[in-house]
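Note: the block below is work-v4.pdb and it holds PDB, N, CA and C atoms.
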```
ATOM      1  N   MET A   1      40.661 -32.906  -6.904  1.00  0.00           N
ATOM      2  CA  MET A   1      40.534 -31.955  -8.000  1.00  0.00           C
ATOM      3  C   MET A   1      41.301 -30.669  -7.688  1.00  0.00           C
ATOM      4  N   LYS A   2      42.041 -30.231  -8.669  1.00  0.00           N
ATOM      5  CA  LYS A   2      42.799 -29.001  -8.499  1.00  0.00           C
ATOM      6  C   LYS A   2      41.920 -27.808  -8.880  1.00  0.00           C
ATOM      7  N   GLU A   3      41.875 -26.828  -7.996  1.00  0.00           N
ATOM      8  CA  GLU A   3      41.057 -25.632  -8.256  1.00  0.00           C
ATOM      9  C   GLU A   3      41.771 -24.705  -9.224  1.00  0.00           C
ATOM     10  N   GLU A   4      41.019 -24.114 -10.120  1.00  0.00           N
ATOM     11  CA  GLU A   4      41.579 -23.124 -11.055  1.00  0.00           C
ATOM     12  C   GLU A   4      41.941 -21.858 -10.291  1.00  0.00           C
ATOM     13  N   SER A   5      43.030 -21.282 -10.640  1.00  0.00           N
ATOM     14  CA  SER A   5      43.447 -20.021 -10.030  1.00  0.00           C
ATOM     15  C   SER A   5      42.560 -18.896 -10.526  1.00  0.00           C
ATOM     16  N   ALA A   6      42.228 -17.979  -9.635  1.00  0.00           N
ATOM     17  CA  ALA A   6      41.398 -16.834 -10.001  1.00  0.00           C
ATOM     18  C   ALA A   6      42.221 -15.758 -10.717  1.00  0.00           C
ATOM     19  N   TRP A   7      43.542 -15.896 -10.686  1.00  0.00           N
ATOM     20  CA  TRP A   7      44.402 -14.906 -11.319  1.00  0.00           C
ATOM     21  C   TRP A   7      44.361 -15.042 -12.838  1.00  0.00           C
ATOM     22  N   ILE A   8      44.489 -13.949 -13.510  1.00  0.00           N
ATOM     23  CA  ILE A   8      44.547 -13.943 -14.975  1.00  0.00           C
ATOM     24  C   ILE A   8      45.901 -14.498 -15.395  1.00  0.00           C
ATOM     25  N   LYS A   9      45.877 -15.418 -16.305  1.00  0.00           N
ATOM     26  CA  LYS A   9      47.123 -15.982 -16.842  1.00  0.00           C
ATOM     27  C   LYS A   9      47.561 -15.090 -17.995  1.00  0.00           C
ATOM     28  N   ILE A  10      48.464 -14.181 -17.695  1.00  0.00           N
ATOM     29  CA  ILE A  10      48.835 -13.127 -18.641  1.00  0.00           C
ATOM     30  C   ILE A  10      49.401 -13.697 -19.939  1.00  0.00           C
ATOM     31  N   HIS A  11      50.074 -14.841 -19.911  1.00  0.00           N
ATOM     32  CA  HIS A  11      50.647 -15.414 -21.133  1.00  0.00           C
ATOM     33  C   HIS A  11      49.565 -15.957 -22.064  1.00  0.00           C
ATOM     34  N   GLU A  12      48.325 -16.093 -21.573  1.00  0.00           N
ATOM     35  CA  GLU A  12      47.225 -16.560 -22.407  1.00  0.00           C
ATOM     36  C   GLU A  12      46.381 -15.406 -22.956  1.00  0.00           C
ATOM     37  N   MET A  13      46.732 -14.195 -22.572  1.00  0.00           N
ATOM     38  CA  MET A  13      45.979 -13.017 -22.993  1.00  0.00           C
ATOM     39  C   MET A  13      46.625 -12.400 -24.231  1.00  0.00           C
ATOM     40  N   PRO A  14      45.802 -11.808 -25.134  1.00  0.00           N
ATOM     41  CA  PRO A  14      46.393 -11.114 -26.288  1.00  0.00           C
ATOM     42  C   PRO A  14      47.070  -9.827 -25.823  1.00  0.00           C
ATOM     43  N   SER A  15      47.990  -9.358 -26.620  1.00  0.00           N
ATOM     44  CA  SER A  15      48.609  -8.066 -26.308  1.00  0.00           C
ATOM     45  C   SER A  15      47.575  -6.963 -26.555  1.00  0.00           C
ATOM     46  N   TRP A  16      47.889  -5.758 -26.086  1.00  0.00           N
ATOM     47  CA  TRP A  16      46.973  -4.632 -26.269  1.00  0.00           C
ATOM     48  C   TRP A  16      46.761  -4.389 -27.761  1.00  0.00           C
ATOM     49  N   ALA A  17      47.830  -4.444 -28.527  1.00  0.00           N
ATOM     50  CA  ALA A  17      47.737  -4.183 -29.965  1.00  0.00           C
ATOM     51  C   ALA A  17      46.873  -5.230 -30.670  1.00  0.00           C
ATOM     52  N   GLU A  18      47.045  -6.501 -30.292  1.00  0.00           N
ATOM     53  CA  GLU A  18      46.240  -7.565 -30.891  1.00  0.00           C
ATOM     54  C   GLU A  18      44.765  -7.397 -30.537  1.00  0.00           C
ATOM     55  N   ALA A  19      44.503  -7.040 -29.288  1.00  0.00           N
ATOM     56  CA  ALA A  19      43.120  -6.847 -28.848  1.00  0.00           C
ATOM     57  C   ALA A  19      42.463  -5.694 -29.602  1.00  0.00           C
ATOM     58  N   ILE A  20      43.179  -4.597 -29.753  1.00  0.00           N
ATOM     59  CA  ILE A  20      42.638  -3.438 -30.476  1.00  0.00           C
ATOM     60  C   ILE A  20      42.365  -3.798 -31.932  1.00  0.00           C
ATOM     61  N   LEU A  21      43.249  -4.563 -32.559  1.00  0.00           N
ATOM     62  CA  LEU A  21      43.021  -4.967 -33.947  1.00  0.00           C
ATOM     63  C   LEU A  21      41.762  -5.820 -34.077  1.00  0.00           C
ATOM     64  N   GLU A  22      41.551  -6.729 -33.129  1.00  0.00           N
ATOM     65  CA  GLU A  22      40.348  -7.559 -33.156  1.00  0.00           C
ATOM     66  C   GLU A  22      39.089  -6.713 -32.973  1.00  0.00           C
ATOM     67  N   ILE A  23      39.137  -5.804 -32.021  1.00  0.00           N
ATOM     68  CA  ILE A  23      37.989  -4.927 -31.771  1.00  0.00           C
ATOM     69  C   ILE A  23      37.727  -4.033 -32.979  1.00  0.00           C
ATOM     70  N   GLU A  24      38.787  -3.506 -33.573  1.00  0.00           N
ATOM     71  CA  GLU A  24      38.647  -2.655 -34.752  1.00  0.00           C
ATOM     72  C   GLU A  24      37.978  -3.418 -35.898  1.00  0.00           C
ATOM     73  N   GLY A  25      38.366  -4.663 -36.076  1.00  0.00           N
ATOM     74  CA  GLY A  25      37.755  -5.484 -37.118  1.00  0.00           C
ATOM     75  C   GLY A  25      36.266  -5.687 -36.874  1.00  0.00           C
ATOM     76  N   LEU A  26      35.904  -5.966 -35.621  1.00  0.00           N
ATOM     77  CA  LEU A  26      34.484  -6.154 -35.280  1.00  0.00           C
ATOM     78  C   LEU A  26      33.684  -4.863 -35.478  1.00  0.00           C
ATOM     79  N   VAL A  27      34.267  -3.743 -35.059  1.00  0.00           N
ATOM     80  CA  VAL A  27      33.575  -2.454 -35.216  1.00  0.00           C
ATOM     81  C   VAL A  27      33.408  -2.132 -36.698  1.00  0.00           C
ATOM     82  N   ASN A  28      34.450  -2.342 -37.496  1.00  0.00           N
ATOM     83  CA  ASN A  28      34.357  -2.059 -38.934  1.00  0.00           C
ATOM     84  C   ASN A  28      33.291  -2.922 -39.604  1.00  0.00           C
ATOM     85  N   GLU A  29      33.208  -4.171 -39.178  1.00  0.00           N
ATOM     86  CA  GLU A  29      32.191  -5.070 -39.724  1.00  0.00           C
ATOM     87  C   GLU A  29      30.784  -4.564 -39.380  1.00  0.00           C
ATOM     88  N   GLU A  30      30.601  -4.131 -38.144  1.00  0.00           N
ATOM     89  CA  GLU A  30      29.288  -3.625 -37.723  1.00  0.00           C
ATOM     90  C   GLU A  30      28.970  -2.299 -38.413  1.00  0.00           C
ATOM     91  N   VAL A  31      29.955  -1.441 -38.580  1.00  0.00           N
ATOM     92  CA  VAL A  31      29.757  -0.165 -39.280  1.00  0.00           C
ATOM     93  C   VAL A  31      29.307  -0.439 -40.710  1.00  0.00           C
ATOM     94  N   SER A  32      29.915  -1.405 -41.344  1.00  0.00           N
ATOM     95  CA  SER A  32      29.529  -1.775 -42.709  1.00  0.00           C
ATOM     96  C   SER A  32      28.071  -2.233 -42.757  1.00  0.00           C
ATOM     97  N   ARG A  33      27.685  -3.078 -41.798  1.00  0.00           N
ATOM     98  CA  ARG A  33      26.286  -3.538 -41.740  1.00  0.00           C
ATOM     99  C   ARG A  33      25.314  -2.376 -41.524  1.00  0.00           C
ATOM    100  N   LEU A  34      25.698  -1.483 -40.620  1.00  0.00           N
ATOM    101  CA  LEU A  34      24.822  -0.339 -40.314  1.00  0.00           C
ATOM    102  C   LEU A  34      24.661   0.571 -41.529  1.00  0.00           C
ATOM    103  N   LYS A  35      25.736   0.784 -42.269  1.00  0.00           N
ATOM    104  CA  LYS A  35      25.661   1.632 -43.457  1.00  0.00           C
ATOM    105  C   LYS A  35      24.762   1.008 -44.519  1.00  0.00           C
ATOM    106  N   LYS A  36      24.808  -0.322 -44.635  1.00  0.00           N
ATOM    107  CA  LYS A  36      23.928  -1.009 -45.589  1.00  0.00           C
ATOM    108  C   LYS A  36      22.461  -0.842 -45.194  1.00  0.00           C
ATOM    109  N   LYS A  37      22.218  -0.750 -43.884  1.00  0.00           N
ATOM    110  CA  LYS A  37      20.851  -0.539 -43.381  1.00  0.00           C
ATOM    111  C   LYS A  37      20.499   0.948 -43.349  1.00  0.00           C
ATOM    112  N   GLU A  38      21.443   1.773 -43.821  1.00  0.00           N
ATOM    113  CA  GLU A  38      21.294   3.228 -43.864  1.00  0.00           C
ATOM    114  C   GLU A  38      21.162   3.861 -42.480  1.00  0.00           C
ATOM    115  N   ASP A  39      21.802   3.231 -41.476  1.00  0.00           N
ATOM    116  CA  ASP A  39      21.851   3.795 -40.122  1.00  0.00           C
ATOM    117  C   ASP A  39      23.197   4.498 -39.966  1.00  0.00           C
ATOM    118  N   VAL A  40      23.324   5.591 -40.691  1.00  0.00           N
ATOM    119  CA  VAL A  40      24.591   6.317 -40.761  1.00  0.00           C
ATOM    120  C   VAL A  40      24.952   6.941 -39.421  1.00  0.00           C
ATOM    121  N   LYS A  41      23.967   7.375 -38.665  1.00  0.00           N
ATOM    122  CA  LYS A  41      24.212   8.034 -37.379  1.00  0.00           C
ATOM    123  C   LYS A  41      24.912   7.077 -36.403  1.00  0.00           C
ATOM    124  N   THR A  42      24.409   5.860 -36.273  1.00  0.00           N
ATOM    125  CA  THR A  42      25.014   4.887 -35.368  1.00  0.00           C
ATOM    126  C   THR A  42      26.378   4.443 -35.885  1.00  0.00           C
ATOM    127  N   ALA A  43      26.516   4.305 -37.192  1.00  0.00           N
ATOM    128  CA  ALA A  43      27.802   3.934 -37.789  1.00  0.00           C
ATOM    129  C   ALA A  43      28.860   4.990 -37.467  1.00  0.00           C
ATOM    130  N   ALA A  44      28.495   6.241 -37.580  1.00  0.00           N
ATOM    131  CA  ALA A  44      29.430   7.331 -37.278  1.00  0.00           C
ATOM    132  C   ALA A  44      29.794   7.336 -35.795  1.00  0.00           C
ATOM    133  N   LEU A  45      28.810   7.079 -34.947  1.00  0.00           N
ATOM    134  CA  LEU A  45      29.065   7.041 -33.503  1.00  0.00           C
ATOM    135  C   LEU A  45      30.052   5.922 -33.155  1.00  0.00           C
ATOM    136  N   LEU A  46      29.853   4.736 -33.730  1.00  0.00           N
ATOM    137  CA  LEU A  46      30.777   3.627 -33.472  1.00  0.00           C
ATOM    138  C   LEU A  46      32.186   3.957 -33.948  1.00  0.00           C
ATOM    139  N   THR A  47      32.296   4.577 -35.093  1.00  0.00           N
ATOM    140  CA  THR A  47      33.605   4.959 -35.629  1.00  0.00           C
ATOM    141  C   THR A  47      34.289   5.959 -34.701  1.00  0.00           C
ATOM    142  N   LYS A  48      33.543   6.924 -34.205  1.00  0.00           N
ATOM    143  CA  LYS A  48      34.098   7.918 -33.272  1.00  0.00           C
ATOM    144  C   LYS A  48      34.514   7.259 -31.956  1.00  0.00           C
ATOM    145  N   CYS A  49      33.710   6.321 -31.470  1.00  0.00           N
ATOM    146  CA  CYS A  49      34.044   5.613 -30.226  1.00  0.00           C
ATOM    147  C   CYS A  49      35.334   4.829 -30.383  1.00  0.00           C
ATOM    148  N   LEU A  50      35.501   4.171 -31.507  1.00  0.00           N
ATOM    149  CA  LEU A  50      36.725   3.413 -31.757  1.00  0.00           C
ATOM    150  C   LEU A  50      37.928   4.347 -31.789  1.00  0.00           C
ATOM    151  N   THR A  51      37.772   5.515 -32.385  1.00  0.00           N
ATOM    152  CA  THR A  51      38.859   6.486 -32.433  1.00  0.00           C
ATOM    153  C   THR A  51      39.271   6.900 -31.028  1.00  0.00           C
ATOM    154  N   VAL A  52      38.305   7.124 -30.152  1.00  0.00           N
ATOM    155  CA  VAL A  52      38.598   7.507 -28.768  1.00  0.00           C
ATOM    156  C   VAL A  52      39.326   6.371 -28.047  1.00  0.00           C
ATOM    157  N   ILE A  53      38.877   5.139 -28.245  1.00  0.00           N
ATOM    158  CA  ILE A  53      39.520   3.991 -27.600  1.00  0.00           C
ATOM    159  C   ILE A  53      40.964   3.856 -28.078  1.00  0.00           C
ATOM    160  N   LYS A  54      41.188   3.986 -29.378  1.00  0.00           N
ATOM    161  CA  LYS A  54      42.527   3.856 -29.923  1.00  0.00           C
ATOM    162  C   LYS A  54      43.439   4.986 -29.460  1.00  0.00           C
ATOM    163  N   ARG A  55      42.845   6.148 -29.215  1.00  0.00           N
ATOM    164  CA  ARG A  55      43.609   7.308 -28.754  1.00  0.00           C
ATOM    165  C   ARG A  55      44.060   7.090 -27.311  1.00  0.00           C
ATOM    166  N   GLY A  56      43.269   6.357 -26.532  1.00  0.00           N
ATOM    167  CA  GLY A  56      43.671   6.017 -25.180  1.00  0.00           C
ATOM    168  C   GLY A  56      43.047   6.862 -24.083  1.00  0.00           C
ATOM    169  N   TYR A  57      42.153   7.770 -24.434  1.00  0.00           N
ATOM    170  CA  TYR A  57      41.460   8.550 -23.405  1.00  0.00           C
ATOM    171  C   TYR A  57      40.155   9.059 -23.932  1.00  0.00           C
TER     172      TYR A  57
END
```
Before we go any further, please render this structure as structure tokens.
Amino acid sequence: MKEESAWIKIHEMPSWAEAILEIEGLVNEEVSRLKKKEDVKTAALLTKCLTVIKRGY
């Protein structure tokens, strides 16, 4: 049996831009759910967190 390499196979990983788009979609979906539940405070916090991540620091 051949052992799997512990190294990350970079060609199988999404690019940074693709990863951010996926995360943004998930956050937007959760923000929408939270707003429907009238949890505006948590929705705003998630939106701010995403902005910080996209900004890069």
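Of the listed residues A:Leu45, A:Pro14, A:Glu38, A:Leu50, the one whose atoms come nearest to Leu26 (chain A) is A:Leu50, with distances taken using only C-alpha atoms.
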By how many Å are CA of Glu30 (chain A) and CA of Met13 (chain A) apart? 24.2 Å
Using DSSP on the backbone coordinates, identify all residues within chain A classified as alpha helix (DSSP H); present the result as a ChimeraX atom specification. /A:16-36,40-55
Just to confirm, what's the straight-line distance from atom N of Asn28 (chain A) to CA of Thr47 (chain A) in Å (one decimal)? 7.6 Å
Can you translate the PyMOL selection byres (((chain A and resi 46 and name CA) around 12) and name CA) into the concrete residues it hits in this file, as a ChimeraX atom specification? /A:23-24,26-35,39-45,47-53
So that I can look at just that part, could you write region 17-30 of chain A with N, CA and C atoms, as an mmCIF file, in the first residue's frame?
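To be explicit, this is the file written out as out-v9.cif:
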```
data_model
loop_
_atom_site.group_PDB
_atom_site.id
_atom_site.type_symbol
_atom_site.label_atom_id
_atom_site.label_comp_id
_atom_site.auth_asym_id
_atom_site.auth_seq_id
_atom_site.Cartn_x
_atom_site.Cartn_y
_atom_site.Cartn_z
ATOM 1 N N ALA A 17 -8.930 33.679 -4.184
ATOM 2 C CA ALA A 17 -10.143 34.371 -4.623
ATOM 3 C C ALA A 17 -11.353 33.438 -4.620
ATOM 4 N N GLU A 18 -11.158 32.201 -5.087
ATOM 5 C CA GLU A 18 -12.252 31.231 -5.093
ATOM 6 C C GLU A 18 -12.690 30.894 -3.670
ATOM 7 N N ALA A 19 -11.717 30.735 -2.785
ATOM 8 C CA ALA A 19 -12.030 30.415 -1.391
ATOM 9 C C ALA A 19 -12.812 31.549 -0.733
ATOM 10 N N ILE A 20 -12.388 32.776 -0.962
ATOM 11 C CA ILE A 20 -13.084 33.934 -0.383
ATOM 12 C C ILE A 20 -14.507 34.024 -0.921
ATOM 13 N N LEU A 21 -14.703 33.761 -2.206
ATOM 14 C CA LEU A 21 -16.054 33.799 -2.769
ATOM 15 C C LEU A 21 -16.955 32.751 -2.122
ATOM 16 N N GLU A 22 -16.417 31.556 -1.893
ATOM 17 C CA GLU A 22 -17.199 30.508 -1.239
ATOM 18 C C GLU A 22 -17.555 30.898 0.195
ATOM 19 N N ILE A 23 -16.582 31.418 0.912
ATOM 20 C CA ILE A 23 -16.820 31.842 2.295
ATOM 21 C C ILE A 23 -17.822 32.991 2.336
ATOM 22 N N GLU A 24 -17.686 33.935 1.417
ATOM 23 C CA GLU A 24 -18.609 35.066 1.354
ATOM 24 C C GLU A 24 -20.043 34.587 1.118
ATOM 25 N N GLY A 25 -20.198 33.613 0.247
ATOM 26 C CA GLY A 25 -21.524 33.061 -0.014
ATOM 27 C C GLY A 25 -22.122 32.420 1.230
ATOM 28 N N LEU A 26 -21.303 31.657 1.955
ATOM 29 C CA LEU A 26 -21.781 31.015 3.190
ATOM 30 C C LEU A 26 -22.147 32.052 4.256
ATOM 31 N N VAL A 27 -21.309 33.077 4.388
ATOM 32 C CA VAL A 27 -21.585 34.126 5.383
ATOM 33 C C VAL A 27 -22.863 34.870 5.009
ATOM 34 N N ASN A 28 -23.031 35.209 3.734
ATOM 35 C CA ASN A 28 -24.239 35.922 3.305
ATOM 36 C C ASN A 28 -25.496 35.092 3.559
ATOM 37 N N GLU A 29 -25.388 33.796 3.329
ATOM 38 C CA GLU A 29 -26.520 32.905 3.582
ATOM 39 C C GLU A 29 -26.874 32.894 5.075
ATOM 40 N N GLU A 30 -25.859 32.830 5.920
ATOM 41 C CA GLU A 30 -26.100 32.818 7.368
ATOM 42 C C GLU A 30 -26.625 34.173 7.843
#
```
